[in-house]
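Coordinates as given in my_file27.pdb (PDB, C-alpha atoms, pLDDT in the B column):
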MODEL        1
ATOM      1  CA  MET Q   1       0.000   0.000   0.000  1.00 53.00           C
ATOM      2  CA  HIS Q   2       1.244   3.458  -0.833  1.00 63.00           C
ATOM      3  CA  THR Q   3       2.271   5.331   2.314  1.00 71.00           C
ATOM      4  CA  LYS Q   4       0.390   8.521   1.342  1.00 78.00           C
ATOM      5  CA  ILE Q   5      -2.948   6.747   0.959  1.00 80.00           C
ATOM      6  CA  GLN Q   6      -4.534   6.253   4.345  1.00 83.00           C
ATOM      7  CA  PHE Q   7      -7.052   3.421   4.368  1.00 84.00           C
ATOM      8  CA  SER Q   8      -8.440   2.029   7.616  1.00 88.00           C
ATOM      9  CA  PRO Q   9     -10.684  -1.012   7.110  1.00 90.00           C
ATOM     10  CA  THR Q  10     -13.591  -1.391   9.519  1.00 89.00           C
ATOM     11  CA  LYS Q  11     -15.204  -4.547   8.110  1.00 88.00           C
ATOM     12  CA  VAL Q  12     -14.139  -7.235   5.641  1.00 91.00           C
ATOM     13  CA  ILE Q  13     -16.538  -9.815   4.193  1.00 90.00           C
ATOM     14  CA  ALA Q  14     -14.906 -12.543   2.113  1.00 91.00           C
ATOM     15  CA  ASP Q  15     -16.676 -15.351   0.316  1.00 90.00           C
ATOM     16  CA  PRO Q  16     -15.278 -18.758   1.374  1.00 92.00           C
ATOM     17  CA  GLN Q  17     -15.371 -19.808  -2.289  1.00 89.00           C
ATOM     18  CA  GLY Q  18     -13.338 -16.768  -3.356  1.00 91.00           C
ATOM     19  CA  ARG Q  19     -16.081 -15.170  -5.464  1.00 90.00           C
ATOM     20  CA  PHE Q  20     -16.142 -11.777  -3.718  1.00 91.00           C
ATOM     21  CA  VAL Q  21     -14.531  -9.529  -1.126  1.00 92.00           C
ATOM     22  CA  ILE Q  22     -16.320  -6.516   0.355  1.00 90.00           C
ATOM     23  CA  VAL Q  23     -14.324  -4.040   2.441  1.00 90.00           C
ATOM     24  CA  SER Q  24     -15.758  -1.020   4.200  1.00 88.00           C
ATOM     25  CA  GLY Q  25     -13.568   1.545   5.840  1.00 88.00           C
ATOM     26  CA  SER Q  26     -12.159   5.013   5.723  1.00 87.00           C
ATOM     27  CA  LEU Q  27     -10.055   6.170   2.773  1.00 84.00           C
ATOM     28  CA  ASN Q  28      -8.324   9.471   3.536  1.00 82.00           C
ATOM     29  CA  ASN Q  29     -10.954  10.078   6.255  1.00 81.00           C
ATOM     30  CA  VAL Q  30     -13.914   9.448   3.896  1.00 82.00           C
ATOM     31  CA  ASN Q  31     -16.144   6.389   4.393  1.00 83.00           C
ATOM     32  CA  ASP Q  32     -15.975   4.030   1.428  1.00 85.00           C
ATOM     33  CA  VAL Q  33     -17.081   0.562   0.393  1.00 87.00           C
ATOM     34  CA  LEU Q  34     -14.862  -1.410  -1.972  1.00 87.00           C
ATOM     35  CA  ALA Q  35     -16.109  -4.602  -3.581  1.00 89.00           C
ATOM     36  CA  ASN Q  36     -14.365  -7.058  -5.871  1.00 91.00           C
ATOM     37  CA  LEU Q  37     -16.614  -9.629  -7.574  1.00 90.00           C
ATOM     38  CA  TYR Q  38     -15.838 -12.677  -9.653  1.00 91.00           C
ATOM     39  CA  ALA Q  39     -19.414 -13.306 -10.722  1.00 84.00           C
ATOM     40  CA  PRO Q  40     -20.645 -16.275 -12.745  1.00 81.00           C
ATOM     41  CA  ASN Q  41     -20.867 -15.812 -16.526  1.00 82.00           C
ATOM     42  CA  TRP Q  42     -24.617 -16.427 -16.465  1.00 82.00           C
ATOM     43  CA  ASP Q  43     -27.479 -14.636 -14.727  1.00 84.00           C
ATOM     44  CA  ASP Q  44     -27.285 -15.998 -11.205  1.00 85.00           C
ATOM     45  CA  GLU Q  45     -29.914 -14.174  -9.157  1.00 88.00           C
ATOM     46  CA  ALA Q  46     -28.962 -16.039  -5.966  1.00 89.00           C
ATOM     47  CA  PHE Q  47     -25.325 -14.923  -6.204  1.00 87.00           C
ATOM     48  CA  MET Q  48     -26.167 -11.284  -6.895  1.00 86.00           C
ATOM     49  CA  GLY Q  49     -28.841 -11.282  -4.186  1.00 87.00           C
ATOM     50  CA  LYS Q  50     -26.318 -12.596  -1.667  1.00 87.00           C
ATOM     51  CA  VAL Q  51     -23.738  -9.948  -2.582  1.00 86.00           C
ATOM     52  CA  ILE Q  52     -26.265  -7.101  -2.480  1.00 85.00           C
ATOM     53  CA  SER Q  53     -27.599  -8.261   0.889  1.00 86.00           C
ATOM     54  CA  LEU Q  54     -24.080  -8.103   2.338  1.00 85.00           C
ATOM     55  CA  LEU Q  55     -23.395  -4.525   1.239  1.00 82.00           C
ATOM     56  CA  PRO Q  56     -23.726  -1.944   4.010  1.00 74.00           C
ATOM     57  CA  ASN Q  57     -26.961   0.017   4.093  1.00 64.00           C
ATOM     58  CA  LEU Q  58     -25.781   3.116   2.277  1.00 57.00           C
ATOM     59  CA  ASN Q  59     -28.814   5.102   3.472  1.00 58.00           C
ATOM     60  CA  SER Q  60     -27.714   4.794   7.096  1.00 59.00           C
ATOM     61  CA  GLN Q  61     -23.985   5.385   6.523  1.00 53.00           C
ATOM     62  CA  PRO Q  62     -22.422   8.854   6.394  1.00 55.00           C
ATOM     63  CA  PHE Q  63     -20.902   8.371   2.924  1.00 51.00           C
ATOM     64  CA  ASP Q  64     -19.784  11.329   0.825  1.00 53.00           C
ATOM     65  CA  PHE Q  65     -20.863  10.723  -2.777  1.00 48.00           C
ATOM     66  CA  GLY Q  66     -20.166  14.310  -3.848  1.00 49.00           C
ATOM     67  CA  ARG Q  67     -16.454  13.833  -4.431  1.00 44.00           C
TER      68      ARG Q  67
ENDMDL
END
I'd like the structure from this file rewritten - as structure tokens, please.
Amino acid sequence: MHTKIQFSPTKVIADPQGRFVIVSGSLNNVNDVLANLYAPNWDDEAFMGKVISLLPNLNSQPFDFGR
């Protein structure tokens, strides 16, 4: 990690099968959610539903989307 970028993770959710990682935390003192998905090549509603259900409730978090 670059020393000038200050990221402090607060929560990490990793799929045991290695299909996704969701990290919430503070990036340069701004709350952020980072997600990396390796989704199936077909429409898999169960997979996407699981990922979406694990994302933090953005309506209740003090996120700054005006950057």
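Across the structure, atom CA of Q:Asn41 and atom CA of Q:Lys11 are spaced 27.7 Å apart.
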Written as a PyMOL selection string, what is the full residue list that the PyMOL selection byres ((chain Q and resi 7) around 9) yields on the file shown?
chain Q and resi 1+5-6+8-9+25-29
Separation of atom CA of Q:Ala14 from atom CA of Q:Asp43, in Å and rounded to one decimal
21.1 Å
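Between atom CA of Q:Leu34 and atom CA of Q:Thr10 lies a distance of 11.6 Å.
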As AutoDock Vina command-line options: centre and edge lengths in Å, one decimal, of the axis-aligned box holding stretch 25-36 of chain Q with 5 Å per side:
--center_x -12.7 --center_y 1.5 --center_z 0.2 --size_x 18.8 --size_y 27.1 --size_z 22.1
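Residues lying within 12 Å of Q:Met48, counting all atoms listed in the file and ignoring same-chain neighbours fewer than 4 positions away, are Arg19, Phe20, Leu37, Tyr38, Ala39, Pro40, Asn41, Trp42, Asp43, Asp44, Ile52, Ser53, Leu54 and Leu55 of chain Q.
Among Q:Pro16, Q:Val21, Q:Pro56, Q:Thr3, the residue with the shortest atom-to-atom distance to Q:Ala35, counting only C-alpha atoms, is Q:Val21.
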Since the input lacks atoms, please generate N, CA and C atoms for stretch 19-45 of chain Q and provide them as a PDB file, in the frame of the given file.
ATOM      1  N   ARG Q  19     -15.348 -15.873  -4.408  1.00 90.00           N
ATOM      2  CA  ARG Q  19     -16.081 -15.170  -5.464  1.00 90.00           C
ATOM      3  C   ARG Q  19     -16.191 -13.666  -5.229  1.00 90.00           C
ATOM      4  N   PHE Q  20     -16.065 -13.205  -3.977  1.00 91.00           N
ATOM      5  CA  PHE Q  20     -16.142 -11.777  -3.718  1.00 91.00           C
ATOM      6  C   PHE Q  20     -15.445 -11.416  -2.416  1.00 91.00           C
ATOM      7  N   VAL Q  21     -15.051 -10.138  -2.347  1.00 92.00           N
ATOM      8  CA  VAL Q  21     -14.531  -9.529  -1.126  1.00 92.00           C
ATOM      9  C   VAL Q  21     -15.163  -8.150  -1.043  1.00 92.00           C
ATOM     10  N   ILE Q  22     -15.724  -7.830   0.113  1.00 90.00           N
ATOM     11  CA  ILE Q  22     -16.320  -6.516   0.355  1.00 90.00           C
ATOM     12  C   ILE Q  22     -15.595  -5.914   1.555  1.00 90.00           C
ATOM     13  N   VAL Q  23     -15.065  -4.714   1.368  1.00 90.00           N
ATOM     14  CA  VAL Q  23     -14.324  -4.040   2.441  1.00 90.00           C
ATOM     15  C   VAL Q  23     -14.937  -2.669   2.651  1.00 90.00           C
ATOM     16  N   SER Q  24     -15.317  -2.376   3.876  1.00 88.00           N
ATOM     17  CA  SER Q  24     -15.758  -1.020   4.200  1.00 88.00           C
ATOM     18  C   SER Q  24     -14.721  -0.417   5.129  1.00 88.00           C
ATOM     19  N   GLY Q  25     -14.557   0.877   5.009  1.00 88.00           N
ATOM     20  CA  GLY Q  25     -13.568   1.545   5.840  1.00 88.00           C
ATOM     21  C   GLY Q  25     -13.474   3.009   5.498  1.00 88.00           C
ATOM     22  N   SER Q  26     -12.385   3.592   5.914  1.00 87.00           N
ATOM     23  CA  SER Q  26     -12.159   5.013   5.723  1.00 87.00           C
ATOM     24  C   SER Q  26     -10.931   5.200   4.833  1.00 87.00           C
ATOM     25  N   LEU Q  27     -11.122   5.876   3.712  1.00 84.00           N
ATOM     26  CA  LEU Q  27     -10.055   6.170   2.773  1.00 84.00           C
ATOM     27  C   LEU Q  27      -9.799   7.667   2.809  1.00 84.00           C
ATOM     28  N   ASN Q  28      -8.643   8.051   3.338  1.00 82.00           N
ATOM     29  CA  ASN Q  28      -8.324   9.471   3.536  1.00 82.00           C
ATOM     30  C   ASN Q  28      -9.439  10.182   4.291  1.00 82.00           C
ATOM     31  N   ASN Q  29      -9.924   9.548   5.352  1.00 81.00           N
ATOM     32  CA  ASN Q  29     -10.954  10.078   6.255  1.00 81.00           C
ATOM     33  C   ASN Q  29     -12.329  10.221   5.611  1.00 81.00           C
ATOM     34  N   VAL Q  30     -12.599   9.476   4.541  1.00 82.00           N
ATOM     35  CA  VAL Q  30     -13.914   9.448   3.896  1.00 82.00           C
ATOM     36  C   VAL Q  30     -14.387   7.998   3.890  1.00 82.00           C
ATOM     37  N   ASN Q  31     -15.617   7.751   4.364  1.00 83.00           N
ATOM     38  CA  ASN Q  31     -16.144   6.389   4.393  1.00 83.00           C
ATOM     39  C   ASN Q  31     -16.349   5.870   2.972  1.00 83.00           C
ATOM     40  N   ASP Q  32     -15.876   4.650   2.743  1.00 85.00           N
ATOM     41  CA  ASP Q  32     -15.975   4.030   1.428  1.00 85.00           C
ATOM     42  C   ASP Q  32     -16.296   2.554   1.567  1.00 85.00           C
ATOM     43  N   VAL Q  33     -16.871   1.999   0.506  1.00 87.00           N
ATOM     44  CA  VAL Q  33     -17.081   0.562   0.393  1.00 87.00           C
ATOM     45  C   VAL Q  33     -16.420   0.121  -0.903  1.00 87.00           C
ATOM     46  N   LEU Q  34     -15.533  -0.857  -0.805  1.00 87.00           N
ATOM     47  CA  LEU Q  34     -14.862  -1.410  -1.972  1.00 87.00           C
ATOM     48  C   LEU Q  34     -15.322  -2.850  -2.130  1.00 87.00           C
ATOM     49  N   ALA Q  35     -15.662  -3.225  -3.337  1.00 89.00           N
ATOM     50  CA  ALA Q  35     -16.109  -4.602  -3.581  1.00 89.00           C
ATOM     51  C   ALA Q  35     -15.417  -5.136  -4.826  1.00 89.00           C
ATOM     52  N   ASN Q  36     -14.962  -6.368  -4.737  1.00 91.00           N
ATOM     53  CA  ASN Q  36     -14.365  -7.058  -5.871  1.00 91.00           C
ATOM     54  C   ASN Q  36     -15.158  -8.339  -6.083  1.00 91.00           C
ATOM     55  N   LEU Q  37     -15.762  -8.478  -7.281  1.00 90.00           N
ATOM     56  CA  LEU Q  37     -16.614  -9.629  -7.574  1.00 90.00           C
ATOM     57  C   LEU Q  37     -16.034 -10.446  -8.714  1.00 90.00           C
ATOM     58  N   TYR Q  38     -16.114 -11.749  -8.567  1.00 91.00           N
ATOM     59  CA  TYR Q  38     -15.838 -12.677  -9.653  1.00 91.00           C
ATOM     60  C   TYR Q  38     -17.137 -13.433  -9.861  1.00 91.00           C
ATOM     61  N   ALA Q  39     -18.054 -12.788 -10.573  1.00 84.00           N
ATOM     62  CA  ALA Q  39     -19.414 -13.306 -10.722  1.00 84.00           C
ATOM     63  C   ALA Q  39     -19.472 -14.381 -11.798  1.00 84.00           C
ATOM     64  N   PRO Q  40     -20.450 -15.262 -11.703  1.00 81.00           N
ATOM     65  CA  PRO Q  40     -20.645 -16.275 -12.745  1.00 81.00           C
ATOM     66  C   PRO Q  40     -20.928 -15.616 -14.103  1.00 81.00           C
ATOM     67  N   ASN Q  41     -20.658 -16.326 -15.173  1.00 82.00           N
ATOM     68  CA  ASN Q  41     -20.867 -15.812 -16.526  1.00 82.00           C
ATOM     69  C   ASN Q  41     -22.322 -15.893 -16.972  1.00 82.00           C
ATOM     70  N   TRP Q  42     -23.203 -16.346 -16.129  1.00 82.00           N
ATOM     71  CA  TRP Q  42     -24.617 -16.427 -16.465  1.00 82.00           C
ATOM     72  C   TRP Q  42     -25.393 -15.654 -15.408  1.00 82.00           C
ATOM     73  N   ASP Q  43     -26.647 -15.356 -15.692  1.00 84.00           N
ATOM     74  CA  ASP Q  43     -27.479 -14.636 -14.727  1.00 84.00           C
ATOM     75  C   ASP Q  43     -27.748 -15.531 -13.531  1.00 84.00           C
ATOM     76  N   ASP Q  44     -27.124 -15.221 -12.426  1.00 85.00           N
ATOM     77  CA  ASP Q  44     -27.285 -15.998 -11.205  1.00 85.00           C
ATOM     78  C   ASP Q  44     -27.895 -15.074 -10.151  1.00 85.00           C
ATOM     79  N   GLU Q  45     -29.211 -15.072 -10.077  1.00 88.00           N
ATOM     80  CA  GLU Q  45     -29.914 -14.174  -9.157  1.00 88.00           C
ATOM     81  C   GLU Q  45     -29.550 -14.449  -7.705  1.00 88.00           C
TER      82      GLU Q  45
END
